[in-house]
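Peer 1: Compact mmCIF, C-alpha atoms and all ligand atoms, saved as target20.txt, coming up:
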```
# COMPACT_ATOMS: atom_id res chain seq x y z
CA MET A 688 0.00 0.00 0.00
CA ALA A 689 1.26 3.46 -0.90
CA HIS A 690 1.01 4.90 2.60
CA GLN A 691 3.11 2.20 4.25
CA PRO A 692 6.60 3.53 3.51
CA ASN A 693 5.71 6.93 5.01
CA LEU A 694 4.17 5.38 8.08
CA GLU A 695 7.15 3.14 8.38
CA ARG A 696 9.51 6.06 7.98
CA GLU A 697 7.74 7.87 10.82
CA LEU A 698 8.04 4.83 13.04
CA CYS A 699 11.71 4.36 12.17
CA SER A 700 12.34 8.07 12.86
CA LYS A 701 10.78 7.57 16.27
CA LEU A 702 13.02 4.58 16.84
CA LEU A 703 15.90 6.75 15.74
CA SER A 704 15.23 9.42 18.34
CA ASP A 705 14.69 6.72 20.97
CA SER A 706 17.95 5.07 20.04
CA GLU A 707 19.83 8.38 20.14
CA GLY A 708 18.69 8.87 23.73
CA HIS A 709 19.71 5.34 24.48
CA ARG A 710 23.03 5.74 22.72
CA ALA A 711 24.33 8.38 25.09
CA ALA A 712 23.92 5.99 28.00
CA GLU A 713 25.66 3.06 26.34
CA SER A 714 29.32 2.14 26.12
CA LYS A 715 30.81 2.74 22.66
CA HIS A 716 33.23 -0.16 22.97
CA GLU A 717 30.96 -3.06 22.15
CA PRO A 718 32.10 -5.51 19.47
CA ASN A 719 31.25 -4.33 15.96
CA PRO A 720 28.43 -6.62 14.81
CA THR A 721 29.32 -5.98 11.19
CA HIS A 722 32.72 -7.57 11.78
CA GLN A 723 31.55 -10.88 13.20
CA GLY A 724 32.25 -13.92 11.06
CA GLU A 725 35.26 -12.26 9.41
CA GLU A 726 36.90 -15.62 8.85
CA HIS A 727 34.17 -16.58 6.37
CA ARG A 728 34.42 -13.43 4.29
CA SER A 729 36.86 -14.58 1.65
CA GLY A 730 34.24 -16.84 0.08
CA ILE A 731 36.99 -19.39 -0.55
CA PRO A 732 35.48 -22.84 -0.07
CA LYS A 733 36.89 -24.92 2.74
CA ALA A 734 38.44 -28.22 1.72
CA ASN A 735 35.38 -30.27 2.69
CA SER A 736 32.66 -27.88 1.46
CA PRO A 737 29.52 -29.77 0.56
CA LYS A 738 28.87 -29.81 -3.14
CA MET A 739 25.28 -29.74 -4.23
CA GLU A 740 24.01 -31.21 -7.48
CA PHE A 741 20.82 -29.97 -9.10
CA HIS A 742 19.21 -31.98 -11.90
CA PHE A 743 16.43 -30.31 -13.88
CA LEU A 744 14.14 -32.68 -15.80
CA THR A 745 12.50 -30.52 -18.46
CA LEU A 746 11.06 -30.33 -21.97
CA PHE A 747 12.50 -26.81 -22.33
CA PRO A 748 16.18 -26.82 -21.30
CA GLU A 749 16.74 -23.60 -23.28
CA LEU A 750 14.85 -21.69 -20.57
CA PHE A 751 17.61 -22.26 -18.01
CA SER A 752 20.85 -20.96 -19.44
CA GLY A 753 20.46 -17.21 -18.75
CA VAL A 754 19.79 -17.85 -15.07
CA ILE A 755 22.27 -20.61 -14.27
CA HIS A 756 25.08 -18.90 -16.19
CA SER A 757 24.80 -15.51 -14.52
CA SER A 758 25.82 -13.86 -11.29
CA LEU A 759 26.09 -15.91 -8.09
CA LEU A 760 24.82 -19.15 -9.63
CA GLN A 761 27.65 -19.10 -12.18
CA LYS A 762 30.16 -18.16 -9.47
CA ALA A 763 28.94 -21.00 -7.26
CA GLN A 764 29.59 -23.41 -10.13
CA ASN A 765 33.02 -21.89 -10.78
CA LYS A 766 33.92 -22.45 -7.12
CA GLY A 767 32.81 -26.09 -7.37
CA LEU A 768 30.12 -25.62 -4.73
CA VAL A 769 27.13 -26.50 -6.91
CA ALA A 770 26.56 -28.18 -10.26
CA PHE A 771 23.53 -27.78 -12.52
CA HIS A 772 22.56 -30.54 -14.95
CA LEU A 773 19.81 -30.39 -17.54
CA THR A 774 17.99 -33.51 -18.74
CA GLN A 775 15.74 -33.29 -21.80
CA ILE A 776 12.72 -35.47 -21.00
CA ARG A 777 12.04 -35.95 -24.72
CA ASP A 778 15.30 -37.89 -25.09
CA PHE A 779 13.58 -40.72 -23.21
CA ALA A 780 10.52 -40.97 -25.43
CA LYS A 781 10.11 -44.44 -26.90
CA ASP A 782 8.35 -43.92 -30.25
CA LYS A 783 9.60 -42.45 -33.50
CA HIS A 784 7.64 -39.23 -32.93
CA ARG A 785 9.36 -38.80 -29.55
CA THR A 786 6.00 -38.43 -27.81
CA THR A 787 6.14 -37.22 -24.19
CA ASP A 788 2.45 -36.59 -23.47
CA ASP A 789 -0.94 -38.13 -24.13
CA THR A 790 -4.65 -37.47 -23.55
CA PRO A 791 -6.07 -38.15 -20.08
CA TYR A 792 -7.94 -41.39 -19.34
CA GLY A 793 -11.56 -40.57 -18.59
CA GLY A 794 -11.49 -37.51 -20.84
CA GLY A 795 -10.82 -33.90 -19.99
CA GLU A 796 -8.73 -30.96 -21.03
CA GLY A 797 -5.15 -30.95 -22.23
CA MET A 798 -2.29 -33.40 -22.31
CA ILE A 799 -0.58 -35.33 -19.52
CA LEU A 800 3.17 -36.03 -19.29
CA LYS A 801 3.62 -39.78 -19.66
CA ALA A 802 4.75 -41.76 -16.57
CA ASP A 803 6.98 -44.15 -18.54
CA VAL A 804 8.92 -41.36 -20.30
CA LEU A 805 9.32 -39.35 -17.09
CA TYR A 806 10.39 -42.48 -15.25
CA GLU A 807 13.21 -43.19 -17.75
CA ALA A 808 14.38 -39.58 -17.56
CA TRP A 809 14.37 -39.76 -13.73
CA ARG A 810 16.18 -43.11 -13.76
CA SER A 811 18.95 -41.59 -15.89
CA VAL A 812 19.84 -39.21 -13.06
CA MET A 813 18.89 -41.52 -10.17
CA PRO A 814 20.27 -44.88 -11.38
CA ASP A 815 20.65 -46.40 -7.91
CA GLN A 816 17.58 -44.98 -6.26
CA SER A 817 14.98 -47.32 -4.83
CA LEU A 818 11.35 -46.64 -5.63
CA SER A 819 8.81 -45.55 -3.02
CA PRO A 820 9.59 -42.04 -1.82
CA SER A 821 11.24 -41.57 1.57
CA VAL A 822 12.89 -45.00 1.54
CA ASP A 823 16.67 -44.72 1.58
CA ARG A 824 16.62 -41.11 0.40
CA GLN A 825 18.60 -39.25 2.99
CA LYS A 826 20.98 -37.38 0.72
CA THR A 827 18.83 -36.99 -2.36
CA ALA A 828 15.33 -35.72 -3.00
CA THR A 829 13.06 -35.63 -6.02
CA VAL A 830 10.85 -32.56 -6.14
CA LEU A 831 7.95 -32.05 -8.53
CA LEU A 832 7.14 -28.40 -9.11
CA SER A 833 3.37 -28.22 -8.89
CA PRO A 834 0.65 -25.72 -7.98
CA GLN A 835 -0.67 -28.51 -5.72
CA GLY A 836 2.49 -28.61 -3.61
CA GLU A 837 3.58 -27.15 -0.30
CA VAL A 838 4.16 -23.41 -0.77
CA PHE A 839 7.88 -22.65 -1.02
CA SER A 840 9.45 -20.68 1.84
CA GLN A 841 12.82 -19.79 3.30
CA SER A 842 12.53 -22.61 5.84
CA LEU A 843 11.80 -25.11 3.05
CA ALA A 844 14.82 -23.76 1.12
CA LYS A 845 16.95 -24.43 4.23
CA GLU A 846 15.61 -27.95 4.47
CA LEU A 847 16.43 -28.64 0.81
CA ALA A 848 19.93 -27.20 1.27
CA GLY A 849 20.57 -30.18 3.55
CA PHE A 850 20.48 -32.58 0.58
CA SER A 851 23.49 -33.19 -1.64
CA LYS A 852 21.43 -33.97 -4.76
CA LEU A 853 18.11 -32.46 -5.80
CA VAL A 854 16.14 -33.61 -8.83
CA LEU A 855 13.67 -30.93 -9.89
CA VAL A 856 10.95 -32.24 -12.21
CA CYS A 857 9.29 -29.58 -14.36
CA GLY A 858 5.73 -30.40 -15.34
CA HIS A 859 4.05 -28.92 -18.42
CA TYR A 860 0.67 -28.91 -20.19
CA GLU A 861 -2.08 -30.26 -17.90
CA GLY A 862 0.35 -31.95 -15.55
CA VAL A 863 1.97 -35.29 -14.81
CA ASP A 864 0.69 -38.89 -14.70
CA GLU A 865 -0.01 -39.58 -11.01
CA ARG A 866 1.90 -42.88 -11.03
CA PHE A 867 5.19 -41.09 -11.64
CA ILE A 868 4.45 -38.90 -8.61
CA ASP A 869 3.57 -41.93 -6.46
CA LEU A 870 6.70 -43.84 -7.41
CA CYS A 871 9.44 -41.24 -7.72
CA VAL A 872 8.52 -37.91 -6.14
CA ASP A 873 9.45 -37.15 -2.52
CA ARG A 874 7.69 -33.82 -2.32
CA GLU A 875 5.65 -31.43 -4.41
CA ILE A 876 6.48 -27.73 -4.15
CA SER A 877 4.47 -24.74 -5.34
CA ILE A 878 6.00 -21.28 -5.65
CA GLY A 879 2.66 -19.58 -5.00
CA ASN A 880 -1.07 -19.72 -5.43
CA TYR A 881 -1.23 -19.14 -9.16
CA VAL A 882 -0.80 -21.40 -12.19
CA LEU A 883 2.14 -21.10 -14.59
CA THR A 884 2.57 -22.77 -17.97
CA GLY A 885 5.42 -24.98 -16.74
CA GLY A 886 7.65 -25.95 -13.85
CA GLU A 887 10.84 -24.40 -15.28
CA LEU A 888 10.54 -20.97 -13.61
CA PRO A 889 9.53 -22.54 -10.27
CA ALA A 890 12.50 -24.95 -10.49
CA LEU A 891 14.85 -22.01 -11.03
CA VAL A 892 13.30 -20.16 -8.09
CA VAL A 893 13.91 -23.17 -5.84
CA ALA A 894 17.45 -23.74 -7.16
CA ASP A 895 18.37 -20.07 -6.71
CA ALA A 896 17.06 -19.88 -3.13
CA VAL A 897 18.77 -23.15 -2.15
CA THR A 898 22.09 -22.29 -3.84
CA ARG A 899 22.39 -19.09 -1.78
CA LEU A 900 22.28 -21.23 1.35
CA VAL A 901 25.12 -23.56 0.33
CA PRO A 902 28.09 -22.60 2.53
CA GLY A 903 30.62 -20.48 0.64
CA VAL A 904 28.24 -19.30 -2.10
CA LEU A 905 27.72 -15.88 -0.53
CA GLY A 906 31.06 -14.23 0.15
CA ASN A 907 29.99 -13.26 3.65
CA ASP A 908 28.07 -16.00 5.48
CA ARG A 909 26.88 -13.47 8.02
CA SER A 910 24.80 -11.70 5.37
CA LEU A 911 22.35 -14.61 5.64
CA THR A 912 21.59 -14.18 9.33
CA GLU A 913 19.97 -10.74 9.17
CA GLU A 914 18.25 -11.24 5.88
CA SER A 915 14.51 -10.96 5.33
CA LEU A 916 12.67 -14.02 6.60
CA GLU A 917 15.68 -15.34 8.53
CA ASN A 918 14.24 -15.77 12.04
CA GLY A 919 10.92 -14.94 10.37
CA LEU A 920 11.52 -11.16 10.29
CA LEU A 921 12.11 -8.77 7.38
CA LYS A 922 15.44 -6.99 6.98
CA TYR A 923 15.95 -3.47 8.38
CA PRO A 924 16.10 -0.42 6.02
CA GLN A 925 19.43 -0.05 4.21
CA TYR A 926 21.20 3.01 2.75
CA THR A 927 24.37 3.76 0.84
CA ARG A 928 26.03 6.95 -0.47
CA PRO A 929 25.02 9.73 -1.03
CA ARG A 930 24.06 10.70 2.53
CA VAL A 931 21.39 13.12 1.22
CA PHE A 932 19.29 12.18 -1.80
CA GLN A 933 16.39 14.34 -3.02
CA GLY A 934 16.24 15.90 0.45
CA GLN A 935 16.02 12.49 2.17
CA VAL A 936 18.78 11.92 4.72
CA VAL A 937 20.30 8.71 6.01
CA PRO A 938 19.29 8.19 9.69
CA ASP A 939 21.97 9.70 11.95
CA VAL A 940 22.30 6.57 14.04
CA LEU A 941 23.86 4.77 11.05
CA LEU A 942 26.62 7.39 10.88
CA SER A 943 27.21 7.43 14.63
CA GLY A 944 29.80 4.68 14.83
CA ASP A 945 27.90 3.36 17.87
CA HIS A 946 27.51 -0.24 16.85
CA GLN A 947 25.33 -1.24 19.75
CA ALA A 948 22.88 1.57 19.01
CA ILE A 949 22.90 0.64 15.32
CA ALA A 950 22.20 -3.02 16.11
CA GLN A 951 19.36 -2.04 18.43
CA TRP A 952 17.84 0.37 15.88
CA ARG A 953 18.02 -2.28 13.18
CA GLN A 954 16.36 -4.93 15.33
CA GLN A 955 13.54 -2.53 16.23
CA CYS A 956 13.08 -1.65 12.57
CA ARG A 957 12.95 -5.34 11.65
CA GLU A 958 10.14 -5.97 14.11
CA GLN A 959 8.33 -2.74 13.17
CA ARG A 960 8.41 -3.29 9.42
CA THR A 961 7.44 -6.94 9.75
CA ARG A 962 4.39 -5.85 11.75
CA LEU A 963 3.52 -3.26 9.07
CA LYS A 964 4.39 -5.03 5.84
CA ARG A 965 3.91 -8.68 6.71
CA PRO A 966 1.53 -9.03 9.66
CA ASP A 967 1.02 -12.62 8.49
CA LEU A 968 4.47 -13.47 9.89
CA LYS A 969 2.94 -13.40 13.37
CA GLN A 970 4.76 -16.42 14.70
CA ALA A 971 8.13 -14.64 14.52
CA LEU A 972 6.68 -11.44 15.95
CA LYS A 973 5.27 -13.34 18.93
CA VAL A 974 8.75 -14.67 19.75
CA PHE A 975 10.22 -11.14 19.75
CA GLN A 976 7.37 -9.73 21.80
CA GLN A 977 7.99 -12.20 24.64
N1 LIG B 1001 -3.48 -28.93 -14.32
C1 LIG B 1001 -2.54 -28.74 -13.25
C2 LIG B 1001 -3.27 -28.54 -11.96
O1 LIG B 1001 -4.39 -28.04 -11.98
O2 LIG B 1001 -2.68 -28.84 -10.89
C3 LIG B 1001 -1.66 -27.51 -13.54
C4 LIG B 1001 -0.68 -27.75 -14.63
S1 LIG B 1001 0.33 -26.33 -14.97
C5 LIG B 1001 -0.55 -25.59 -16.30
C6 LIG B 1001 1.71 -27.03 -15.78
C7 LIG B 1001 2.92 -27.24 -14.90
O3 LIG B 1001 3.41 -25.99 -14.47
C8 LIG B 1001 2.72 -28.04 -13.64
O4 LIG B 1001 2.78 -29.43 -13.88
C9 LIG B 1001 3.85 -27.56 -12.77
O5 LIG B 1001 5.05 -28.27 -13.02
C10 LIG B 1001 4.03 -26.12 -13.22
N2 LIG B 1001 3.42 -25.13 -12.33
C11 LIG B 1001 2.38 -24.31 -12.61
N3 LIG B 1001 2.11 -23.49 -11.59
C12 LIG B 1001 3.01 -23.76 -10.63
C13 LIG B 1001 3.24 -23.25 -9.32
N4 LIG B 1001 2.49 -22.27 -8.80
N5 LIG B 1001 4.27 -23.75 -8.61
C14 LIG B 1001 5.03 -24.74 -9.11
N6 LIG B 1001 4.84 -25.28 -10.33
C15 LIG B 1001 3.85 -24.81 -11.09
```
Can you turn what I pasted into structure tokens?

Peer 2:
Amino acid sequence: MAHQPNLERELCSKLLSDSEGHRAAESKHEPNPTHQGEEHRSGIPKANSPKMEFHFLTLFPELFSGVIHSSLLQKAQNKGLVAFHLTQIRDFAKDKHRTTDDTPYGGGEGMILKADVLYEAWRSVMPDQSLSPSVDRQKTATVLLSPQGEVFSQSLAKELAGFSKLVLVCGHYEGVDERFIDLCVDREISIGNYVLTGGELPALVVADAVTRLVPGVLGNDRSLTEESLENGLLKYPQYTRPRVFQGQVVPDVLLSGDHQAIAQWRQQCREQRTRLKRPDLKQALKVFQQ
């Protein structure tokens, strides 16, 4: 809503004046919170860094290259921390027309991705995997991107970052034969309550969010801990040069050098803006109100 930033600014200004009062009473020799975790800052992977493999099963591999070959995802591959593999489902079609879909039994709209073709594509990246989800699948997981799945979240991204191999199956058309889901899929994940044409964008969303959590991918591991949705709260307001822009000034507390006051102001802003912008995150707010 348009009025929120102004309201928020007022509240943060109030916090600012409160924190200035508080600042005078506090010691200025507290540890600098922005310098914690210095030893992780180089971004150089430690010898035993976990390496994460992502396998995308898709009919449209051309949709992936711009994303996986740019920015942090490319850097993560260069450092050997993650690997992205694309499998063209059509390569596993059995007939001369390379058919991957068929009409639904019982009638109805659209085309369904065939279980046998999907199964062969999955088998090519999971050659040793037993069937029946959840059996013997500690290190690997097969995820079907689906509007019927659990809605993706930061905590789910963290959970997936615990696996060393993720197979992300991208549906298309009207969906996927249920028997493939029953036999091979560990979990279904939705990226939101809307319907897309295919699972490729959702798979990239999941892979991007999980890759950021692989140790060493972000140069500074500490940048994860204060991020939006870590601990269920949104991040505090951030500013960089110039100090004055279009008459708007950076809050004085951030220029004070008083790291304890800055940390306190930021924490108050996190709680305040979560209450204003995302009141649905009430669980986290309850914890901080106790
Ligand atoms: N007929 C299906 C249904 O009602 O559940 C929807 C099929 S959708 C048009 C085609 C494919 O896009 C799905 O199989 C899935 O892989 C992907 N997809 C669409 N919306 C999605 C969402 N919100 N989250 C994750 N995947 C989605």

Peer 1: Quick one: which chain A residues come within 7 Å of ligand LIG 1001 (chain B), and what is the nearest atom pair for each with the distance in Å to one decimal, counting only C-alpha atoms and all ligand atoms, rows ordered by chain and ascending number, as JSON lines?

Peer 2:
```
{"residue": "A:Leu831", "atom": "CA", "partner": "B:LIG1001", "partner_atom": "O5", "distance": 6.5}
{"residue": "A:Leu832", "atom": "CA", "partner": "B:LIG1001", "partner_atom": "N6", "distance": 4.1}
{"residue": "A:Ser833", "atom": "CA", "partner": "B:LIG1001", "partner_atom": "N6", "distance": 3.6}
{"residue": "A:Pro834", "atom": "CA", "partner": "B:LIG1001", "partner_atom": "C13", "distance": 3.8}
{"residue": "A:Gln835", "atom": "CA", "partner": "B:LIG1001", "partner_atom": "O2", "distance": 5.6}
{"residue": "A:Cys857", "atom": "CA", "partner": "B:LIG1001", "partner_atom": "O5", "distance": 4.6}
{"residue": "A:Gly858", "atom": "CA", "partner": "B:LIG1001", "partner_atom": "O5", "distance": 3.2}
{"residue": "A:His859", "atom": "CA", "partner": "B:LIG1001", "partner_atom": "C6", "distance": 4.0}
{"residue": "A:Tyr860", "atom": "CA", "partner": "B:LIG1001", "partner_atom": "C6", "distance": 4.9}
{"residue": "A:Glu861", "atom": "CA", "partner": "B:LIG1001", "partner_atom": "N1", "distance": 4.1}
{"residue": "A:Gly862", "atom": "CA", "partner": "B:LIG1001", "partner_atom": "O4", "distance": 3.9}
{"residue": "A:Val863", "atom": "CA", "partner": "B:LIG1001", "partner_atom": "O4", "distance": 6.0}
{"residue": "A:Ile876", "atom": "CA", "partner": "B:LIG1001", "partner_atom": "C14", "distance": 6.0}
{"residue": "A:Ser877", "atom": "CA", "partner": "B:LIG1001", "partner_atom": "N5", "distance": 3.4}
{"residue": "A:Ile878", "atom": "CA", "partner": "B:LIG1001", "partner_atom": "N5", "distance": 4.2}
{"residue": "A:Gly879", "atom": "CA", "partner": "B:LIG1001", "partner_atom": "N4", "distance": 4.7}
{"residue": "A:Asn880", "atom": "CA", "partner": "B:LIG1001", "partner_atom": "N4", "distance": 5.5}
{"residue": "A:Tyr881", "atom": "CA", "partner": "B:LIG1001", "partner_atom": "N4", "distance": 4.9}
{"residue": "A:Val882", "atom": "CA", "partner": "B:LIG1001", "partner_atom": "N3", "distance": 3.6}
{"residue": "A:Leu883", "atom": "CA", "partner": "B:LIG1001", "partner_atom": "C11", "distance": 3.8}
{"residue": "A:Thr884", "atom": "CA", "partner": "B:LIG1001", "partner_atom": "C5", "distance": 4.5}
{"residue": "A:Gly885", "atom": "CA", "partner": "B:LIG1001", "partner_atom": "O3", "distance": 3.2}
{"residue": "A:Gly886", "atom": "CA", "partner": "B:LIG1001", "partner_atom": "O5", "distance": 3.6}
{"residue": "A:Pro889", "atom": "CA", "partner": "B:LIG1001", "partner_atom": "C14", "distance": 5.1}
```

Peer 1: Based on the selection just made, write C-alpha atoms of those residues as a compact mmCIF listing (two decimals), keeping the file's coordinate frame.

Peer 2:
```
# COMPACT_ATOMS: atom_id res chain seq x y z
CA LEU A 831 7.95 -32.05 -8.53
CA LEU A 832 7.14 -28.40 -9.11
CA SER A 833 3.37 -28.22 -8.89
CA PRO A 834 0.65 -25.72 -7.98
CA GLN A 835 -0.67 -28.51 -5.72
CA CYS A 857 9.29 -29.58 -14.36
CA GLY A 858 5.73 -30.40 -15.34
CA HIS A 859 4.05 -28.92 -18.42
CA TYR A 860 0.67 -28.91 -20.19
CA GLU A 861 -2.08 -30.26 -17.90
CA GLY A 862 0.35 -31.95 -15.55
CA VAL A 863 1.97 -35.29 -14.81
CA ILE A 876 6.48 -27.73 -4.15
CA SER A 877 4.47 -24.74 -5.34
CA ILE A 878 6.00 -21.28 -5.65
CA GLY A 879 2.66 -19.58 -5.00
CA ASN A 880 -1.07 -19.72 -5.43
CA TYR A 881 -1.23 -19.14 -9.16
CA VAL A 882 -0.80 -21.40 -12.19
CA LEU A 883 2.14 -21.10 -14.59
CA THR A 884 2.57 -22.77 -17.97
CA GLY A 885 5.42 -24.98 -16.74
CA GLY A 886 7.65 -25.95 -13.85
CA PRO A 889 9.53 -22.54 -10.27
```

Peer 1: Ranking A:Ser757, A:Leu963, A:Ala770, A:Ala896 by minimum distance to Lys852 in chain A and counting all atoms listed in the file, which one comes first?

Peer 2: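 Nearest candidate to Lys852 in chain A out of A:Ser757, A:Leu963, A:Ala770, A:Ala896: A:Ala770.
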
Peer 1: At what distance in Å, to one decimal, does CA of Gln959 in chain A lie from CA of Val937 in chain A?

Peer 2: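 Computing the Euclidean distance for CA of Val937 in chain A and CA of Gln959 in chain A yields 18.0 Å.
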
Peer 1: For each of A:Gln761, A:Asn918, A:Thr827, A:Gln775, take the minimum atom-to-atom distance to Ser851 in chain A, counting all atoms listed in the file, then give the residue where this is smallest.

Peer 2: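 Closest to Ser851 in chain A of all the choices is A:Thr827.
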
Peer 1: In terms of the shortest atom-to-atom distance over all atoms listed in the file, which of A:Arg777, A:His784, A:Lys826, A:Arg899 is closest to Glu807 in chain A?

Peer 2: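 Ranking A:Arg777, A:His784, A:Lys826, A:Arg899 by distance to Glu807 in chain A, first place goes to A:Arg777.
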
Peer 1: Just how far from CA of Thr745 in chain A is CA of Lys781 in chain A, in Å to one decimal?

Peer 2: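 A separation of 16.5 Å between them.
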
Peer 1: Which residue gives the smallest distance to Lys766 in chain A among A:Val904, A:Leu891, A:Phe779, A:Ser840, with all atoms listed in the file counted?

Peer 2: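 Of all the options, A:Val904 lies closest to Lys766 in chain A.
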
Peer 1: What is the distance between CA of Ala780 in chain A and CA of Val804 in chain A, in Å to one decimal?

Peer 2: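 Interatomic distance, CA of Ala780 in chain A to CA of Val804 in chain A: 5.4 Å.
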
Peer 1: Which residues are close to Leu911 in chain A, i.e. within 10 Å by all atoms listed in the file, leaving aside same-chain residues fewer than 6 positions away? Reply as a ChimeraX atom specification.

Peer 2: /A:899-900,905,917

Peer 1: Taking into account only C-alpha atoms, which residue in the set A:Trp952, A:Phe850, A:Tyr923, A:Phe751 is nearest to Lys738 in chain A?

Peer 2: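 For Lys738 in chain A, the nearest of the candidates is A:Phe850.
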
Peer 1: Of the candidates A:Glu958, A:Asp945, A:Glu875, A:Asp815, which one gets nearest to Phe839 in chain A if we count all atoms listed in the file?

Peer 2: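 Among A:Glu958, A:Asp945, A:Glu875, A:Asp815, it is A:Glu875 that comes nearest to Phe839 in chain A.
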
Peer 1: Do you know which residues are at most 8 Å from Cys871 in chain A counting all atoms listed in the file, after dropping those on the same chain fewer than 2 positions away, and could you put them as a VMD selection string?

Peer 2: chain A and resid 806 809 818 to 820 829 867 to 869 873

Peer 1: Residues of the last selection are to be written out with C-alpha atoms, as a short mmCIF file (atom, residue, chain, number, x, y, z; two decimals), keeping the file's coordinate frame.

Peer 2:
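Saved result, again.cif, follows:
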```
data_model
loop_
_atom_site.label_atom_id
_atom_site.label_comp_id
_atom_site.auth_asym_id
_atom_site.auth_seq_id
_atom_site.Cartn_x
_atom_site.Cartn_y
_atom_site.Cartn_z
CA TYR A 806 10.39 -42.48 -15.25
CA TRP A 809 14.37 -39.76 -13.73
CA LEU A 818 11.35 -46.64 -5.63
CA SER A 819 8.81 -45.55 -3.02
CA PRO A 820 9.59 -42.04 -1.82
CA THR A 829 13.06 -35.63 -6.02
CA PHE A 867 5.19 -41.09 -11.64
CA ILE A 868 4.45 -38.90 -8.61
CA ASP A 869 3.57 -41.93 -6.46
CA ASP A 873 9.45 -37.15 -2.52
#
```
